[in-house]
$ cat protein16.csv   # CSV, C-alpha atoms and all ligand atoms
chain,number,residue,atom,x,y,z
A,155,MET,CA,4.2,22.4,-15.6
A,156,THR,CA,0.8,21.0,-15.7
A,157,ARG,CA,-2.3,19.5,-14.0
A,158,ILE,CA,-2.8,16.0,-15.3
A,159,THR,CA,-6.4,14.6,-15.5
A,160,LEU,CA,-7.3,11.0,-16.3
A,161,GLU,CA,-10.9,10.8,-17.5
A,162,ASN,CA,-12.6,7.4,-17.6
A,163,LEU,CA,-9.3,5.9,-18.4
A,164,ALA,CA,-9.0,2.1,-18.8
A,165,HIS,CA,-6.5,-0.2,-20.4
A,166,SER,CA,-6.3,-3.8,-21.6
A,167,TYR,CA,-3.4,-5.5,-23.3
A,168,GLN,CA,-5.8,-8.0,-24.9
A,169,PRO,CA,-7.3,-7.2,-28.3
A,170,LYS,CA,-10.8,-8.2,-27.2
A,171,PRO,CA,-11.1,-7.9,-23.4
A,172,SER,CA,-14.2,-9.7,-22.2
A,173,HIS,CA,-14.1,-10.0,-18.4
A,174,ASP,CA,-12.8,-7.9,-15.5
A,175,ASP,CA,-9.4,-9.7,-15.4
A,176,ASP,CA,-8.6,-8.8,-19.0
A,177,TRP,CA,-8.2,-5.1,-17.9
A,178,ALA,CA,-4.8,-4.1,-16.5
A,179,LEU,CA,-6.5,-0.8,-15.6
A,180,LYS,CA,-10.1,-0.6,-14.6
A,181,PRO,CA,-12.0,2.6,-15.5
A,182,MET,CA,-10.6,5.5,-13.4
A,183,ASN,CA,-11.0,9.2,-12.9
A,184,LEU,CA,-8.1,11.0,-11.2
A,185,THR,CA,-6.5,14.4,-11.1
A,186,TRP,CA,-2.8,15.1,-10.4
A,187,GLU,CA,-2.6,18.7,-9.3
A,188,ASP,CA,0.0,21.0,-10.8
A,189,GLY,CA,3.2,20.9,-8.7
A,190,GLY,CA,2.1,18.0,-6.5
A,191,ALA,CA,4.5,15.4,-5.2
A,192,TYR,CA,2.7,12.1,-5.7
A,193,ALA,CA,3.6,8.5,-5.0
A,194,LEU,CA,1.8,5.7,-6.9
A,195,LEU,CA,1.9,2.8,-4.5
A,196,GLY,CA,0.8,-0.8,-5.0
A,197,ALA,CA,2.0,-4.4,-5.2
A,198,SER,CA,3.8,-5.7,-8.3
A,199,GLY,CA,1.4,-6.3,-11.2
A,200,CYS,CA,-1.3,-3.9,-10.0
A,201,GLY,CA,-0.9,-1.6,-13.0
A,202,LYS,CA,1.5,1.2,-11.9
A,203,SER,CA,3.8,1.1,-14.9
A,204,THR,CA,0.8,0.8,-17.3
A,205,LEU,CA,-0.7,4.0,-15.8
A,206,LEU,CA,2.7,5.8,-15.9
A,207,ASN,CA,3.3,4.8,-19.5
A,208,ILE,CA,-0.1,6.1,-20.5
A,209,ILE,CA,0.6,9.4,-18.9
A,210,SER,CA,4.0,9.7,-20.6
A,211,GLY,CA,2.6,8.6,-24.0
A,212,LEU,CA,4.5,5.3,-24.3
A,213,LEU,CA,1.1,3.5,-24.3
A,214,VAL,CA,-2.2,4.6,-25.8
A,215,PRO,CA,-5.1,3.7,-23.5
A,216,SER,CA,-7.9,1.4,-24.7
A,217,SER,CA,-10.4,4.0,-23.6
A,218,GLY,CA,-10.7,7.3,-21.9
A,219,ARG,CA,-8.6,10.5,-22.1
A,220,VAL,CA,-5.5,12.1,-20.7
A,221,LEU,CA,-5.5,15.9,-20.3
A,222,PHE,CA,-2.6,18.2,-19.5
A,223,ASN,CA,-4.4,21.2,-18.1
A,224,ASP,CA,-7.3,21.4,-20.6
A,225,ARG,CA,-5.5,19.9,-23.5
A,226,ASP,CA,-6.3,16.4,-24.7
A,227,VAL,CA,-2.9,14.6,-25.1
A,228,THR,CA,-4.3,11.1,-25.4
A,229,GLY,CA,-3.0,10.6,-28.9
A,230,LEU,CA,0.2,12.6,-28.6
A,231,PRO,CA,3.6,10.9,-28.7
A,232,THR,CA,5.9,11.2,-25.7
A,233,ALA,CA,8.1,13.8,-27.4
A,234,GLU,CA,5.2,16.2,-27.7
A,235,ARG,CA,4.2,15.9,-24.1
A,236,ASN,CA,7.3,17.5,-22.6
A,237,ILE,CA,7.7,14.9,-19.9
A,238,ALA,CA,10.8,13.4,-18.2
A,239,GLN,CA,10.6,9.8,-17.3
A,240,VAL,CA,13.1,7.7,-15.3
A,241,PHE,CA,12.7,3.9,-15.5
A,242,GLN,CA,13.5,1.1,-13.1
A,243,PHE,CA,16.7,0.2,-15.0
A,244,PRO,CA,19.3,2.6,-16.4
A,245,VAL,CA,18.9,4.1,-19.8
A,246,VAL,CA,22.2,5.8,-20.7
A,247,TYR,CA,24.4,6.3,-23.7
A,248,ASP,CA,27.4,4.1,-23.1
A,249,THR,CA,29.7,5.8,-25.5
A,250,MET,CA,29.1,9.2,-24.0
A,251,SER,CA,30.7,10.6,-20.8
A,252,VAL,CA,28.6,11.2,-17.7
A,253,ARG,CA,28.7,14.9,-18.5
A,254,GLU,CA,27.5,14.4,-22.1
A,255,ASN,CA,24.7,12.1,-20.8
A,256,LEU,CA,23.5,14.7,-18.4
A,257,ALA,CA,23.8,17.5,-21.0
A,258,PHE,CA,22.0,15.6,-23.7
A,259,PRO,CA,18.3,16.6,-22.9
A,260,LEU,CA,19.4,20.2,-22.6
A,261,LYS,CA,21.5,20.2,-25.8
A,262,ASN,CA,18.5,18.7,-27.6
A,263,ARG,CA,16.4,21.8,-26.5
A,264,GLY,CA,19.1,24.2,-27.8
A,265,MET,CA,20.1,25.6,-24.4
A,266,PRO,CA,23.2,27.8,-24.5
A,267,ALA,CA,26.5,26.0,-23.6
A,268,ASP,CA,27.2,28.1,-20.4
A,269,GLN,CA,23.8,27.4,-19.0
A,270,ILE,CA,24.1,23.7,-19.8
A,271,ALA,CA,27.5,23.6,-18.0
A,272,ALA,CA,26.1,25.2,-14.9
A,273,ARG,CA,23.0,23.0,-14.8
A,274,VAL,CA,25.0,19.8,-15.4
A,275,ASP,CA,27.3,20.7,-12.5
A,276,GLU,CA,24.4,21.3,-10.2
A,277,VAL,CA,22.7,18.0,-11.1
A,278,ALA,CA,26.0,16.1,-10.8
A,279,ARG,CA,26.3,17.4,-7.3
A,280,MET,CA,22.7,16.2,-6.5
A,281,ILE,CA,23.4,12.7,-7.6
A,282,GLY,CA,26.9,12.5,-6.2
A,283,MET,CA,28.7,12.2,-9.6
A,284,THR,CA,30.8,15.3,-9.7
A,285,ALA,CA,34.1,13.4,-9.6
A,286,MET,CA,33.0,11.1,-12.5
A,287,LEU,CA,31.8,13.7,-14.9
A,288,ASP,CA,34.4,12.9,-17.5
A,289,HIS,CA,34.2,9.1,-17.2
A,290,ARG,CA,32.6,7.1,-20.0
A,291,ALA,CA,29.2,5.7,-19.0
A,292,ARG,CA,30.1,2.3,-20.3
A,293,ARG,CA,32.5,1.4,-17.5
A,294,LEU,CA,30.2,2.5,-14.7
A,295,THR,CA,28.3,0.1,-12.3
A,296,ALA,CA,24.5,-0.3,-12.7
A,297,ASP,CA,24.1,1.8,-9.6
A,298,SER,CA,26.1,4.7,-11.1
A,299,LYS,CA,24.3,4.4,-14.4
A,300,GLN,CA,21.0,4.6,-12.7
A,301,LYS,CA,22.1,7.8,-11.0
A,302,ILE,CA,22.8,9.2,-14.4
A,303,SER,CA,19.3,8.2,-15.5
A,304,LEU,CA,17.9,10.0,-12.5
A,305,GLY,CA,20.1,13.0,-13.3
A,306,ARG,CA,18.8,13.1,-16.8
A,307,GLY,CA,15.3,13.0,-15.5
A,308,MET,CA,15.9,16.0,-13.3
A,309,VAL,CA,18.1,18.1,-15.5
A,310,ARG,CA,15.4,19.9,-17.5
A,311,GLN,CA,13.5,22.6,-15.6
A,312,ASP,CA,10.9,23.2,-18.3
A,313,VAL,CA,9.2,19.8,-18.2
A,314,ASN,CA,5.4,19.4,-17.6
A,315,ALA,CA,6.0,16.6,-15.2
A,316,ILE,CA,8.7,14.1,-14.0
A,317,LEU,CA,7.7,10.5,-13.8
A,318,PHE,CA,9.7,8.0,-11.8
A,319,ASP,CA,9.1,4.2,-12.2
A,320,GLU,CA,10.7,2.5,-9.2
A,321,PRO,CA,13.9,4.4,-9.9
A,322,LEU,CA,15.8,3.2,-6.9
A,323,THR,CA,15.5,-0.5,-7.4
A,324,VAL,CA,19.2,-1.0,-8.4
A,325,ILE,CA,20.6,1.7,-6.1
A,326,ASP,CA,22.4,0.5,-3.0
A,327,PRO,CA,20.4,0.9,0.2
A,328,HIS,CA,22.3,3.8,1.9
A,329,MET,CA,22.3,5.9,-1.3
A,330,LYS,CA,18.5,5.3,-1.6
A,331,TRP,CA,17.7,7.6,1.3
A,332,GLU,CA,20.1,10.2,0.0
A,333,LEU,CA,18.6,10.3,-3.5
A,334,ARG,CA,15.1,10.3,-2.2
A,335,THR,CA,16.0,13.4,-0.2
A,336,GLN,CA,17.5,15.0,-3.3
A,337,LEU,CA,14.2,14.3,-5.2
A,338,LYS,CA,12.2,15.9,-2.5
A,339,ASP,CA,14.5,18.9,-2.5
A,340,LEU,CA,14.3,19.2,-6.2
A,341,HIS,CA,10.5,19.2,-5.9
A,342,ARG,CA,10.6,21.9,-3.2
A,343,ARG,CA,12.9,24.1,-5.4
A,344,PHE,CA,11.3,23.7,-8.8
A,345,GLY,CA,7.8,22.6,-8.0
A,346,HIS,CA,7.4,20.2,-10.9
A,347,THR,CA,4.5,17.8,-10.9
A,348,MET,CA,6.2,14.5,-9.8
A,349,ILE,CA,4.8,11.0,-9.9
A,350,TYR,CA,6.9,8.5,-8.1
A,351,VAL,CA,6.0,4.8,-8.6
A,352,THR,CA,7.0,2.3,-5.9
A,353,HIS,CA,5.8,-0.8,-4.2
A,354,ASP,CA,7.6,0.3,-1.0
A,355,GLN,CA,5.4,2.2,1.5
A,356,THR,CA,8.4,3.8,3.2
A,357,GLU,CA,9.5,5.3,-0.1
A,358,ALA,CA,6.0,6.4,-0.9
A,359,LEU,CA,5.3,8.0,2.5
A,360,THR,CA,8.6,9.8,2.7
A,361,PHE,CA,8.5,11.2,-0.8
A,362,ALA,CA,5.0,12.2,-1.4
A,363,ASP,CA,2.5,14.8,-0.1
A,364,GLN,CA,-0.2,12.7,-1.7
A,365,VAL,CA,-0.2,8.9,-2.1
A,366,VAL,CA,-2.3,7.2,-4.7
A,367,VAL,CA,-2.8,3.5,-3.8
A,368,MET,CA,-3.5,1.0,-6.5
A,369,HIS,CA,-4.8,-2.5,-6.1
A,370,ASP,CA,-5.7,-4.9,-8.9
A,371,GLY,CA,-5.9,-2.3,-11.7
A,372,ARG,CA,-7.9,0.2,-9.5
A,373,VAL,CA,-7.1,3.3,-7.6
A,374,VAL,CA,-8.5,2.4,-4.2
A,375,GLN,CA,-7.5,5.6,-2.4
A,376,SER,CA,-5.7,8.9,-2.9
A,377,GLY,CA,-4.8,10.8,0.1
A,378,THR,CA,-2.1,12.2,2.5
A,379,PRO,CA,0.0,9.6,4.3
A,380,GLN,CA,-2.0,10.6,7.5
A,381,ALA,CA,-5.3,10.0,5.8
A,382,LEU,CA,-4.2,6.6,4.6
A,383,PHE,CA,-3.2,5.7,8.1
A,384,ASP,CA,-6.3,7.2,9.9
A,385,ALA,CA,-9.1,6.1,7.5
A,386,PRO,CA,-8.1,3.5,4.9
A,387,GLU,CA,-11.0,3.5,2.4
A,388,HIS,CA,-10.3,-0.1,1.3
A,389,THR,CA,-9.0,-3.0,3.3
A,390,PHE,CA,-6.0,-3.2,1.0
A,391,VAL,CA,-4.9,0.2,2.1
A,392,GLY,CA,-5.3,-0.8,5.7
A,393,TYR,CA,-3.2,-3.9,5.2
A,394,PHE,CA,-0.6,-2.4,2.8
A,395,ILE,CA,0.2,0.7,4.8
A,396,GLY,CA,1.5,0.3,8.3
A,397,SER,CA,3.7,-2.3,9.8
A,398,PRO,CA,2.1,-4.4,10.7
A,399,GLY,CA,-1.0,-3.4,8.7
A,400,MET,CA,-4.5,-3.0,9.9
A,401,ASN,CA,-6.2,-5.9,11.7
A,402,LEU,CA,-9.5,-7.2,10.1
A,403,LEU,CA,-12.1,-9.1,12.0
A,404,ASP,CA,-15.3,-10.6,10.6
A,405,ALA,CA,-18.1,-8.9,12.4
A,406,HIS,CA,-21.9,-8.6,12.6
A,407,VAL,CA,-22.8,-5.0,13.2
A,408,ASP,CA,-26.0,-4.0,14.9
A,409,GLY,CA,-26.4,-0.2,15.3
A,410,THR,CA,-23.6,0.8,17.6
A,411,THR,CA,-22.5,-2.7,18.5
A,412,ALA,CA,-20.1,-5.1,16.7
A,413,HIS,CA,-20.4,-8.8,17.5
A,414,ILE,CA,-17.1,-10.5,17.0
A,415,ALA,CA,-15.8,-13.9,18.0
A,416,GLY,CA,-18.7,-14.4,20.4
A,417,ALA,CA,-18.1,-11.1,22.2
A,418,GLN,CA,-19.5,-7.6,21.8
A,419,ILE,CA,-17.8,-4.2,21.5
A,420,GLY,CA,-19.2,-0.7,21.3
A,421,LEU,CA,-18.6,1.5,18.2
A,422,ALA,CA,-18.2,5.2,18.1
A,423,HIS,CA,-21.0,5.5,15.4
A,424,GLY,CA,-24.3,3.8,14.6
A,425,TYR,CA,-24.6,1.9,11.3
A,426,ALA,CA,-27.7,1.1,9.2
A,427,PRO,CA,-28.2,-2.7,8.6
A,428,LEU,CA,-25.3,-3.9,6.5
A,429,SER,CA,-25.2,-6.8,4.1
A,430,GLY,CA,-22.2,-8.5,2.4
A,431,LYS,CA,-18.8,-9.3,4.0
A,432,VAL,CA,-18.8,-7.1,7.1
A,433,GLN,CA,-15.4,-6.6,8.9
A,434,LEU,CA,-14.1,-4.4,11.6
A,435,GLY,CA,-10.7,-2.8,10.9
A,436,ILE,CA,-8.4,-1.6,13.6
A,437,ARG,CA,-4.8,-0.8,13.5
A,438,PRO,CA,-2.3,-2.5,15.9
A,439,GLU,CA,-1.5,0.9,17.4
A,440,PHE,CA,-5.1,1.2,18.6
A,441,LEU,CA,-5.6,-2.1,20.4
A,442,ARG,CA,-4.6,-2.5,24.0
A,443,LEU,CA,-4.3,-5.6,26.1
A,444,GLY,CA,-6.9,-6.3,28.7
A,445,SER,CA,-8.3,-9.1,30.9
A,446,GLY,CA,-11.6,-10.4,32.2
A,447,THR,CA,-14.6,-9.5,30.0
A,448,GLN,CA,-13.3,-6.4,28.3
A,449,GLY,CA,-13.1,-6.2,24.5
A,450,LEU,CA,-12.4,-9.4,22.6
A,451,PRO,CA,-10.9,-12.8,23.6
A,452,PHE,CA,-7.2,-12.9,22.6
A,453,THR,CA,-4.6,-15.6,22.6
A,454,ILE,CA,-1.0,-14.5,22.5
A,455,HIS,CA,1.3,-16.5,20.2
A,456,ARG,CA,4.4,-14.5,19.9
A,457,ILE,CA,6.1,-11.3,21.1
A,458,GLU,CA,8.5,-9.5,18.9
A,459,ASP,CA,10.8,-6.8,20.2
A,460,VAL,CA,11.4,-4.3,17.4
A,461,GLY,CA,13.4,-1.7,19.3
A,462,HIS,CA,11.2,1.2,20.0
A,463,HIS,CA,8.1,-1.0,20.6
A,464,ARG,CA,6.9,-4.6,20.8
A,465,ILE,CA,4.5,-6.4,18.5
A,466,ILE,CA,2.2,-8.9,20.1
A,467,ARG,CA,1.0,-11.5,17.6
A,468,GLY,CA,-2.0,-13.7,18.5
A,469,LYS,CA,-5.5,-14.6,17.5
A,470,VAL,CA,-9.0,-13.4,18.1
A,471,GLY,CA,-11.1,-16.5,17.1
A,472,ASP,CA,-9.5,-17.6,13.8
A,473,ALA,CA,-8.2,-14.2,12.8
A,474,ASP,CA,-4.5,-13.3,13.1
A,475,ILE,CA,-4.3,-10.1,15.2
A,476,ASN,CA,-1.3,-7.8,16.0
A,477,VAL,CA,-1.1,-5.4,18.8
A,478,ILE,CA,1.6,-2.7,19.1
A,479,LEU,CA,2.7,-2.2,22.7
A,480,PRO,CA,4.5,1.1,23.2
A,481,GLU,CA,7.9,1.0,24.8
A,482,ALA,CA,7.9,0.8,28.6
A,483,GLN,CA,4.5,-0.8,28.8
A,484,GLU,CA,4.3,-4.1,30.5
A,485,ILE,CA,2.3,-7.1,29.2
A,486,PRO,CA,-0.2,-7.9,32.0
A,487,ALA,CA,0.2,-11.4,33.4
A,488,ASP,CA,-3.5,-12.1,32.9
A,489,ALA,CA,-3.7,-10.6,29.4
A,490,SER,CA,-6.5,-12.5,27.6
A,491,ARG,CA,-8.4,-9.8,25.8
A,492,VAL,CA,-7.8,-7.0,23.3
A,493,VAL,CA,-9.7,-3.8,23.6
A,494,PRO,CA,-10.1,-1.6,20.5
A,495,ASP,CA,-10.2,2.2,20.8
A,496,PRO,CA,-13.7,2.7,19.3
A,497,GLY,CA,-12.8,6.1,17.8
A,498,ARG,CA,-10.2,4.3,15.7
A,499,ALA,CA,-12.2,1.4,14.5
A,500,HIS,CA,-13.7,1.3,11.0
A,501,ILE,CA,-16.4,-0.9,9.5
A,502,TYR,CA,-15.8,-2.4,6.0
A,503,VAL,CA,-18.4,-4.0,3.7
A,504,ASP,CA,-16.9,-6.1,0.9
A,505,ASP,CA,-13.6,-4.4,1.5
A,506,TRP,CA,-14.8,-0.8,1.3
A,507,ARG,CA,-15.1,1.5,4.3
A,508,VAL,CA,-18.6,2.5,5.4
A,509,ASP,CA,-18.7,6.2,6.1
A,510,PRO,CA,-20.8,6.4,9.3
A,511,SER,CA,-21.0,10.2,9.1
A,512,ALA,CA,-22.9,10.0,5.8
A,513,ARG,CA,-25.8,8.4,7.8
A,514,GLU,CA,-25.4,10.8,10.7
A,515,ARG,CA,-25.6,13.7,8.3
A,516,ALA,CA,-28.8,12.2,6.7
A,517,ALA,CA,-30.4,11.6,10.1
B,601,LIG,P1,3.2,-2.9,-12.0
B,601,LIG,O1,4.0,-1.8,-12.7
B,601,LIG,O2,2.3,-2.3,-11.0
B,601,LIG,O3,4.0,-4.0,-11.5
B,601,LIG,P2,2.2,-3.4,-14.7
B,601,LIG,O4,1.5,-2.1,-15.2
B,601,LIG,O5,3.6,-3.6,-15.3
B,601,LIG,O6,2.2,-3.5,-13.1
B,601,LIG,O7,1.3,-4.6,-15.1
B,601,LIG,C1,-0.1,-4.6,-14.9
B,601,LIG,C2,-0.7,-5.9,-15.5
B,601,LIG,O8,-0.6,-5.8,-16.9
B,601,LIG,C3,0.0,-7.2,-15.1
B,601,LIG,O9,-0.9,-8.2,-15.0
B,601,LIG,C4,1.0,-7.4,-16.2
B,601,LIG,O10,1.2,-8.8,-16.4
B,601,LIG,C5,0.2,-6.9,-17.4
B,601,LIG,N1,1.1,-6.4,-18.5
B,601,LIG,C6,2.0,-5.4,-18.3
B,601,LIG,N2,2.7,-5.2,-19.5
B,601,LIG,C7,2.1,-6.0,-20.4
B,601,LIG,C8,2.3,-6.2,-21.8
B,601,LIG,N3,3.2,-5.5,-22.5
B,601,LIG,N4,1.5,-7.1,-22.4
B,601,LIG,C9,0.6,-7.8,-21.8
B,601,LIG,N5,0.4,-7.7,-20.4
B,601,LIG,C10,1.1,-6.8,-19.8
B,602,MG,MG,6.1,-1.7,-12.9

$ encode --input "protein16.csv" --output "structure tokens" --more "lines below"
Ligand code: ADP
Ligand code: MG
Amino acid sequence: MTRITLENLAHSYQPKPSHDDDWALKPMNLTWEDGGAYALLGASGCGKSTLLNIISGLLVPSSGRVLFNDRDVTGLPTAERNIAQVFQFPVVYDTMSVRENLAFPLKNRGMPADQIAARVDEVARMIGMTAMLDHRARRLTADSKQKISLGRGMVRQDVNAILFDEPLTVIDPHMKWELRTQLKDLHRRFGHTMIYVTHDQTEALTFADQVVVMHDGRVVQSGTPQALFDAPEHTFVGYFIGSPGMNLLDAHVDGTTAHIAGAQIGLAHGYAPLSGKVQLGIRPEFLRLGSGTQGLPFTIHRIEDVGHHRIIRGKVGDADINVILPEAQEIPADASRVVPDPGRAHIYVDDWRVDPSARERAA
């Protein structure tokens, strides 16, 4: 097992990258602690697979280093990194049985037959394939084949890390939850460093202790699910995590006051003069409906009942704004304003959160 450090890592698929867009990964520094359960979350094309393949050694980065503990593995092939990787689509040996497929990584390492048998039985139970152990892999559905791929990824206990690249894409929805639970259980029991790539926030938030959010080739935030919810460091994190995501309003900030859509609201902190694109970010959970001259002018467009709460969709000025109304709360007949909870509002400049406490500490 290992701590994985990425040092000034960057990658371009172009032979001669010249501008920003030529880089699939922009320079990054990141540490994955030994035994951590991580999710790598981001939209399609943001560089997740590129990063994972660099960690596993399928891809050599254009610049920077990969360290396993203190050892530089940047130039080492996959086989010498002692890593298990599970891909989006099944990689199985069609001519072998399920049992032989699962046993393969262990046989390769010269494990005694009785230990292999016990371990294969255990993993087969985890992926729900016990009854099919003697079936040929060829005849199985894509879904079952992918379970074998997952099983093969989990079967060795002596790996440095297990990397999963959107492994549940072809798995049917009700089995997804089951397998995710199994992965979490595996992590709890064996404590491998695990990196789980997904574009699905629910998968990320339920699997990981620590979520690394990527956007456009950059790591924009790494934190607990709670931290990503409470204090998104980048507007993308605010928008991508949560449903609906964080509201963003163009603002002019003057000390402890934000001027938005012709109205003013008080902030919990004071800000030094800000230049650039200034926005106030507030999650739908932390807005309430009001009337008169409170908060900001709000026009309701639509109300969606999503079971345990309602989502009020409307506008403040030109901006689309969502409010989450807890169950059992009524919509006031004269609702024409939204009122943010000042303690839950953040200020962003050019998409990055301004940390007000940095200034308060300096003052
Ligand atoms: P993700 O896994 O987050 O969807 P990828 O790492 O696959 O993203 O891709 C990141 C970027 O690199 C994308 O713009 C993609 O088109 C590009 N890319 C990925 N693989 C290759 C490749 N083999 N050759 C050239 N460009 C690639
Ligand atoms: Mg990918």

$ residues_near_ligand --input "protein16.csv" --ligand "ligand LIG 601 (chain B)" --cutoff "10 Å" --atoms "all atoms listed in the file" --output "PyMOL selection string"
chain A and resi 165-168+175-179+194-208+213+242+319-320+351-353+368-371

$ closest_residue --input "protein16.csv" --among "A:Thr159, A:Phe318, A:Met265, A:Leu184" --to "ligand MG 602 (chain B)" --atoms "all atoms listed in the file"
A:Phe318

$ residues_near_point --input "protein16.csv" --point "(-9.0, 6.9, -17.6)" --cutoff "8 Å" --atoms "all atoms listed in the file" --output "ChimeraX atom specification"
/A:160-164,181-184,215,217-220

$ residues_around --input "protein16.csv" --residues "stretch 279-282 of chain A" --least-positions-apart "5" --cutoff "8 Å" --atoms "only C-alpha atoms" --output "MDAnalysis selection string"
chainID A and resid 301:302 304:305 333 336

$ closest_residue --input "protein16.csv" --among "A:Tyr350, A:Val508, A:Pro266, A:His406" --to "ligand MG 602 (chain B)" --atoms "all atoms listed in the file"
A:Tyr350

$ residues_near_point --input "protein16.csv" --point "(18.5, 18.2, -12.4)" --cutoff "8 Å" --atoms "all atoms listed in the file" --output "list in words"
Arg273, Val274, Glu276, Val277, Ala278, Met280, Gly305, Arg306, Gly307, Met308, Val309, Arg310, Gln311 and Leu340 of chain A

$ closest_residue --input "protein16.csv" --among "A:Ile270, A:Val240, A:Val227, A:Ile395" --to "ligand MG 602 (chain B)" --atoms "only C-alpha atoms and all ligand atoms"
A:Val240

$ atom_distance --input "protein16.csv" --atom1 "atom CA of A:Gly396" --atom2 "atom CA of A:Arg437"
8.2 Å

$ residues_around --input "protein16.csv" --residues "A:Asp404" --least-positions-apart "2" --cutoff "10 Å" --atoms "only C-alpha atoms" --output "list of chain:residue names"
A:Leu402, A:His406, A:Val407, A:Ala412, A:His413, A:Ile414, A:Ala415, A:Lys431, A:Val432, A:Gln433, A:Leu434, A:Gly435, A:Gly471, A:Asp472, A:Ala473, A:Ile501, A:Tyr502

$ atom_distance --input "protein16.csv" --atom1 "atom CA of A:Ile478" --atom2 "atom CA of A:Leu441"
7.3 Å

$ decode --input "protein16.csv" --residues "stretch 496-507 of chain A" --atoms "N, CA and C atoms" --output "short mmCIF file (atom, residue, chain, number, x, y, z; two decimals), in the first residue's frame"
data_model
loop_
_atom_site.label_atom_id
_atom_site.label_comp_id
_atom_site.auth_asym_id
_atom_site.auth_seq_id
_atom_site.Cartn_x
_atom_site.Cartn_y
_atom_site.Cartn_z
N PRO A 496 -26.64 34.91 5.32
CA PRO A 496 -25.32 35.52 5.08
C PRO A 496 -24.15 34.58 5.44
N GLY A 497 -24.36 33.77 6.47
CA GLY A 497 -23.28 32.87 6.90
C GLY A 497 -22.99 31.77 5.88
N ARG A 498 -23.88 31.60 4.90
CA ARG A 498 -23.73 30.53 3.91
C ARG A 498 -23.40 31.06 2.52
N ALA A 499 -23.22 32.38 2.42
CA ALA A 499 -22.91 32.97 1.11
C ALA A 499 -21.40 33.07 0.93
N HIS A 500 -20.94 32.86 -0.30
CA HIS A 500 -19.52 32.99 -0.61
C HIS A 500 -19.33 34.01 -1.72
N ILE A 501 -18.17 34.63 -1.72
CA ILE A 501 -17.86 35.58 -2.80
C ILE A 501 -16.79 34.96 -3.69
N TYR A 502 -17.02 35.02 -5.00
CA TYR A 502 -16.09 34.47 -5.98
C TYR A 502 -15.55 35.58 -6.88
N VAL A 503 -14.25 35.52 -7.15
CA VAL A 503 -13.66 36.42 -8.14
C VAL A 503 -13.06 35.57 -9.23
N ASP A 504 -13.50 35.80 -10.46
CA ASP A 504 -13.06 35.00 -11.61
C ASP A 504 -13.15 33.50 -11.28
N ASP A 505 -14.25 33.11 -10.68
CA ASP A 505 -14.62 31.73 -10.37
C ASP A 505 -13.95 31.12 -9.15
N TRP A 506 -13.01 31.81 -8.53
CA TRP A 506 -12.36 31.26 -7.33
C TRP A 506 -12.89 31.95 -6.09
N ARG A 507 -13.10 31.18 -5.04
CA ARG A 507 -13.64 31.73 -3.80
C ARG A 507 -12.62 32.65 -3.12
#
